[in-house]
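Enquirer: Shown below is the structure under consideration.
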Amino acid sequence: MARKILIAIDGPSGSGKSTVGRRLAQRLGYRYLDTGAMYRVAALKAEELSIDVDNEDKLGKACSDLDIVFVQDGDGVKTFCNGKDVSEAIRRPEISALASEISTRKAVREVLVQMQRRMGGGGGIVVEGRDVGTVVYSGAELKFFLDSTPEERGRRRFQELSEKGIRVSLEETVVEMRKRDQRDQMRELSPLRKAEDALVIDSTNMAIDEVVEEMFKEARRRISRGRDC
């Protein structure tokens with residue numbers, strides 16, 4: 001029986017981590033965990049409760065009350081919070097921007113990181129985010145850093161939002177992508193960076209299937225290497 005490893009995928013917003021992570025998990029028969037979606041859920045809750053982003057006590061309490069579950073749905077994954085499907089609500093541009101802000105708050109990160117570590121226990125899981133290979137699972141057996149240019153990531157996000165009927169301009173989407181990169185890289189707590197032992201994949205000129213295939217082959221090598229030891 002093949003051993004189960006933990007695979008961490010980091011990278012900036014819009015680099016394709018969610019799509020790639022879901023497909024890789026499916027091919028391996030692994031569970032999938034989107035840590036970025038968890039911060040989006042926290043942002044959605046903060047919006048619903050009208051919590052100021054600087055009120056860490058209230059933010060931390062609100063996060064402690066969250067029950068987040070990811071459910072496989074065909075080729076995708078639905079996100080549930082306290083029994084409610086919030087998959088669409090957490091993808092709104094304003095929630096994305098708010099999630100980037102509250103992810104810098106220590107009280108929020110402490111609660112969600114502990115939650116993520118519990119959910120990832122036992123291996124057999126693909127986890128993606130911005131600090132899973134450097135902070136949440138620094139001991140992960142396999143780490144990837146998925147990247148692409150801000151222009152390409154902005155184009156992808158623009159297309160995704162347009163398909164959902166959300167009206168935004170391509171220019172605004174690229175500008176927001178650059179702003180988010182800066183916030184994620186400059187934040188004091190768990191800034192976005194590549195883990196020293198992470199394999200870098202630039203997906204700018206790659207199809208999703210090509211990225212997944214490259215990751216899958218490396219995962220099989222790591223799994224087989226461990227089995228032979």
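Identifiers in this document derive from the order of the structure tokens: chains are assigned A, B, ..., residues are numbered from 1 separately in each chain, and ligands are numbered from 1 in order of occurrence.
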Set the distance at 6 Å and use only C-alpha atoms: which residues neighbour Ala8 (chain A) once local chain neighbours fewer than 4 positions away are removed? I'd like the list as a list in words.

Expert: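 So the residues in contact are Val127, Glu128, Val132, Gly133 and Lys143 of chain A.
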
Enquirer: Could you write out the selected residues, including C-alpha atoms, as a PDB file, in the first residue's frame?

Expert:
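Result file is again.pdb:
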```pdb
ATOM      1  CA  VAL A 127      -2.895  21.890   0.527  1.00  0.00           C
ATOM      2  CA  GLU A 128      -2.608  25.208  -1.281  1.00  0.00           C
ATOM      3  CA  VAL A 132       1.570  26.381   3.611  1.00  0.00           C
ATOM      4  CA  GLY A 133       5.114  25.346   2.682  1.00  0.00           C
ATOM      5  CA  LYS A 143       6.425  21.577  -1.887  1.00  0.00           C
TER       6      LYS A 143
END
```

Enquirer: Applying 7 Å and only C-alpha atoms, which residues near region 95-107 of chain A remain after dropping the ones on its own chain fewer than 6 positions away? List them as an NGL selection string.

Expert: :A and (39-40 or 43-44 or 53 or 56 or 59-60 or 180 or 187 or 189)

Enquirer: Just write the chosen residues, N, CA and C atoms, as a JSON list (two decimals), in the first residue's frame.

Expert:
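Written out: selection_1.json:
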```json
[["chain", "number", "residue", "atom", "x", "y", "z"],
["A", 39, "TYR", "N", -9.52, 31.96, 4.54],
["A", 39, "TYR", "CA", -9.42, 33.38, 4.86],
["A", 39, "TYR", "C", -10.56, 34.17, 4.20],
["A", 40, "ARG", "N", -11.01, 33.70, 3.05],
["A", 40, "ARG", "CA", -12.16, 34.32, 2.40],
["A", 40, "ARG", "C", -13.43, 34.11, 3.24],
["A", 43, "ALA", "N", -13.32, 36.45, 6.02],
["A", 43, "ALA", "CA", -13.64, 37.80, 5.54],
["A", 43, "ALA", "C", -15.14, 37.96, 5.35],
["A", 44, "LEU", "N", -15.78, 36.92, 4.80],
["A", 44, "LEU", "CA", -17.23, 36.96, 4.60],
["A", 44, "LEU", "C", -17.95, 37.09, 5.93],
["A", 53, "VAL", "N", -11.79, 45.64, 10.57],
["A", 53, "VAL", "CA", -10.61, 44.82, 10.32],
["A", 53, "VAL", "C", -9.52, 45.01, 11.37],
["A", 56, "GLU", "N", -9.06, 42.98, 16.42],
["A", 56, "GLU", "CA", -8.55, 41.61, 16.41],
["A", 56, "GLU", "C", -9.30, 40.68, 17.36],
["A", 59, "LEU", "N", -12.42, 39.64, 15.56],
["A", 59, "LEU", "CA", -12.06, 38.80, 14.41],
["A", 59, "LEU", "C", -11.67, 37.40, 14.86],
["A", 60, "GLY", "N", -10.84, 37.33, 15.91],
["A", 60, "GLY", "CA", -10.40, 36.04, 16.43],
["A", 60, "GLY", "C", -11.57, 35.21, 16.94],
["A", 180, "ARG", "N", -2.37, 43.25, -4.44],
["A", 180, "ARG", "CA", -2.45, 42.11, -3.54],
["A", 180, "ARG", "C", -1.09, 41.44, -3.40],
["A", 187, "ARG", "N", 3.57, 41.84, 4.13],
["A", 187, "ARG", "CA", 2.93, 41.71, 5.43],
["A", 187, "ARG", "C", 3.92, 41.16, 6.45],
["A", 189, "LEU", "N", 3.30, 39.19, 9.16],
["A", 189, "LEU", "CA", 3.06, 37.79, 9.53],
["A", 189, "LEU", "C", 2.99, 36.91, 8.29]]
```

Enquirer: List as a PyMOL selection string the protein and nucleic acid residues near region 76-88 of chain A, meaning an atom at most 7 Å away when only C-alpha atoms are counted, but skip any in the same chain fewer than 6 places from it.

Expert: chain A and resi 22+66-70

Enquirer: One number please: CA of Ile9 (chain A) to CA of Leu161 (chain A), in Å, one decimal.

Expert: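 Those two atoms sit 22.8 Å apart.
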
Enquirer: Could you tell me which of A:Gln185, A:Ser64, A:Ser169, A:Gln72 comes closest to Gly11 (chain A) if we count only C-alpha atoms?

Expert: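 Comparing A:Gln185, A:Ser64, A:Ser169, A:Gln72 against Gly11 (chain A), the winner is A:Gln185.
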
Enquirer: Select from region 33-139 of chain A everything DSSP, run on the backbone, classes as strand (DSSP E), then give the selection as a PyMOL selection string.

Expert: chain A and resi 33-34+68-73+76-81+84-85+125-129

Enquirer: One number please: CA of Val174 (chain A) to CA of Glu151 (chain A), in Å, one decimal.

Expert: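 Spanning CA of Val174 (chain A) to CA of Glu151 (chain A) is a straight-line distance of 5.9 Å.
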
Enquirer: For the atom pair CA of Arg92 (chain A) and CA of Glu152 (chain A), what is the interatomic distance in Å to one decimal place?

Expert: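 Between CA of Arg92 (chain A) and CA of Glu152 (chain A) the gap works out to 19.6 Å.
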
Enquirer: For Met38 (chain A), list every protein, DNA or RNA residue within 8 Å, evaluated using only C-alpha atoms, and leave out those in the same chain fewer than 4 positions away; present the list as a PyMOL selection string.

Expert: chain A and resi 34+42+68+112

Enquirer: Pull the alpha helix (DSSP H) assignments for region 129-206 of chain A out of DSSP run on the backbone, and list those residues as a short mmCIF file (atom, residue, chain, number, x, y, z; two decimals) with N, CA and C atoms, in the first residue's frame.

Expert:
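Output saved as selection.cif:
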```cif
data_model
loop_
_atom_site.label_atom_id
_atom_site.label_comp_id
_atom_site.auth_asym_id
_atom_site.auth_seq_id
_atom_site.Cartn_x
_atom_site.Cartn_y
_atom_site.Cartn_z
N PRO A 150 2.02 38.94 -13.26
CA PRO A 150 0.80 39.61 -12.80
C PRO A 150 -0.21 39.82 -13.92
N GLU A 151 0.28 40.10 -15.13
CA GLU A 151 -0.60 40.32 -16.28
C GLU A 151 -1.38 39.05 -16.61
N GLU A 152 -0.70 37.92 -16.61
CA GLU A 152 -1.37 36.66 -16.92
C GLU A 152 -2.34 36.28 -15.82
N ARG A 153 -1.93 36.49 -14.58
CA ARG A 153 -2.82 36.17 -13.46
C ARG A 153 -4.04 37.07 -13.44
N GLY A 154 -3.83 38.35 -13.81
CA GLY A 154 -4.95 39.27 -13.90
C GLY A 154 -5.92 38.88 -15.00
N ARG A 155 -5.37 38.44 -16.13
CA ARG A 155 -6.21 38.00 -17.25
C ARG A 155 -7.06 36.80 -16.85
N ARG A 156 -6.45 35.85 -16.16
CA ARG A 156 -7.18 34.66 -15.73
C ARG A 156 -8.29 35.02 -14.75
N ARG A 157 -7.98 35.88 -13.79
CA ARG A 157 -8.98 36.28 -12.80
C ARG A 157 -10.12 37.05 -13.46
N PHE A 158 -9.77 37.93 -14.42
CA PHE A 158 -10.77 38.69 -15.16
C PHE A 158 -11.73 37.75 -15.90
N GLN A 159 -11.16 36.75 -16.55
CA GLN A 159 -11.98 35.78 -17.28
C GLN A 159 -12.89 35.00 -16.33
N GLU A 160 -12.33 34.60 -15.20
CA GLU A 160 -13.10 33.85 -14.20
C GLU A 160 -14.29 34.66 -13.68
N LEU A 161 -14.04 35.92 -13.35
CA LEU A 161 -15.09 36.78 -12.82
C LEU A 161 -16.13 37.10 -13.89
N SER A 162 -15.68 37.31 -15.11
CA SER A 162 -16.59 37.61 -16.21
C SER A 162 -17.54 36.46 -16.48
N GLU A 163 -17.01 35.24 -16.41
CA GLU A 163 -17.83 34.05 -16.63
C GLU A 163 -18.90 33.90 -15.56
N LEU A 170 -10.46 44.55 -17.14
CA LEU A 170 -9.18 43.83 -17.12
C LEU A 170 -8.11 44.68 -16.46
N GLU A 171 -8.08 45.96 -16.79
CA GLU A 171 -7.08 46.86 -16.22
C GLU A 171 -7.18 46.91 -14.70
N GLU A 172 -8.41 47.05 -14.20
CA GLU A 172 -8.62 47.11 -12.75
C GLU A 172 -8.20 45.80 -12.08
N THR A 173 -8.47 44.68 -12.75
CA THR A 173 -8.13 43.37 -12.20
C THR A 173 -6.62 43.19 -12.09
N VAL A 174 -5.88 43.64 -13.10
CA VAL A 174 -4.41 43.53 -13.07
C VAL A 174 -3.84 44.44 -11.99
N VAL A 175 -4.39 45.66 -11.87
CA VAL A 175 -3.93 46.59 -10.84
C VAL A 175 -4.17 46.00 -9.46
N GLU A 176 -5.35 45.42 -9.23
CA GLU A 176 -5.66 44.82 -7.94
C GLU A 176 -4.74 43.62 -7.66
N MET A 177 -4.39 42.88 -8.71
CA MET A 177 -3.49 41.74 -8.56
C MET A 177 -2.12 42.21 -8.07
N ARG A 178 -1.63 43.31 -8.64
CA ARG A 178 -0.33 43.85 -8.23
C ARG A 178 -0.39 44.34 -6.78
N LYS A 179 -1.50 44.99 -6.41
CA LYS A 179 -1.65 45.48 -5.05
C LYS A 179 -1.67 44.32 -4.07
N ARG A 180 -2.37 43.25 -4.44
CA ARG A 180 -2.45 42.11 -3.54
C ARG A 180 -1.09 41.44 -3.40
N ASP A 181 -0.34 41.35 -4.49
CA ASP A 181 1.02 40.80 -4.42
C ASP A 181 1.85 41.58 -3.41
N GLN A 182 1.75 42.90 -3.49
CA GLN A 182 2.53 43.75 -2.58
C GLN A 182 2.12 43.53 -1.13
N ARG A 183 0.80 43.47 -0.88
CA ARG A 183 0.33 43.23 0.49
C ARG A 183 0.81 41.87 1.00
N ASP A 184 0.71 40.85 0.17
CA ASP A 184 1.08 39.51 0.60
C ASP A 184 2.58 39.38 0.84
N GLN A 185 3.37 40.06 0.03
CA GLN A 185 4.83 39.96 0.16
C GLN A 185 5.38 40.82 1.30
N MET A 186 4.69 41.92 1.62
CA MET A 186 5.20 42.87 2.61
C MET A 186 4.59 42.69 4.00
#
```

Enquirer: Can you work out which one of A:Asp54, A:Arg193, A:Glu110, A:Arg130 has the shortest atom-to-atom distance to Thr35 (chain A), counting only C-alpha atoms?

Expert: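 Among the listed residues, A:Arg130 lies closest to Thr35 (chain A).
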
Enquirer: Of the candidates A:Ile201, A:Val108, A:Pro12, A:Thr134, which one gets nearest to Lys58 (chain A) if we count only C-alpha atoms?

Expert: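 Of A:Ile201, A:Val108, A:Pro12, A:Thr134, the one nearest Lys58 (chain A) is A:Val108, counting only C-alpha atoms.
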
Enquirer: Which residue out of A:Gln114, A:Thr19, A:Ser203, A:Ser224 has the minimum interatomic distance to Ser148 (chain A) when only C-alpha atoms are used?

Expert: A:Ser203
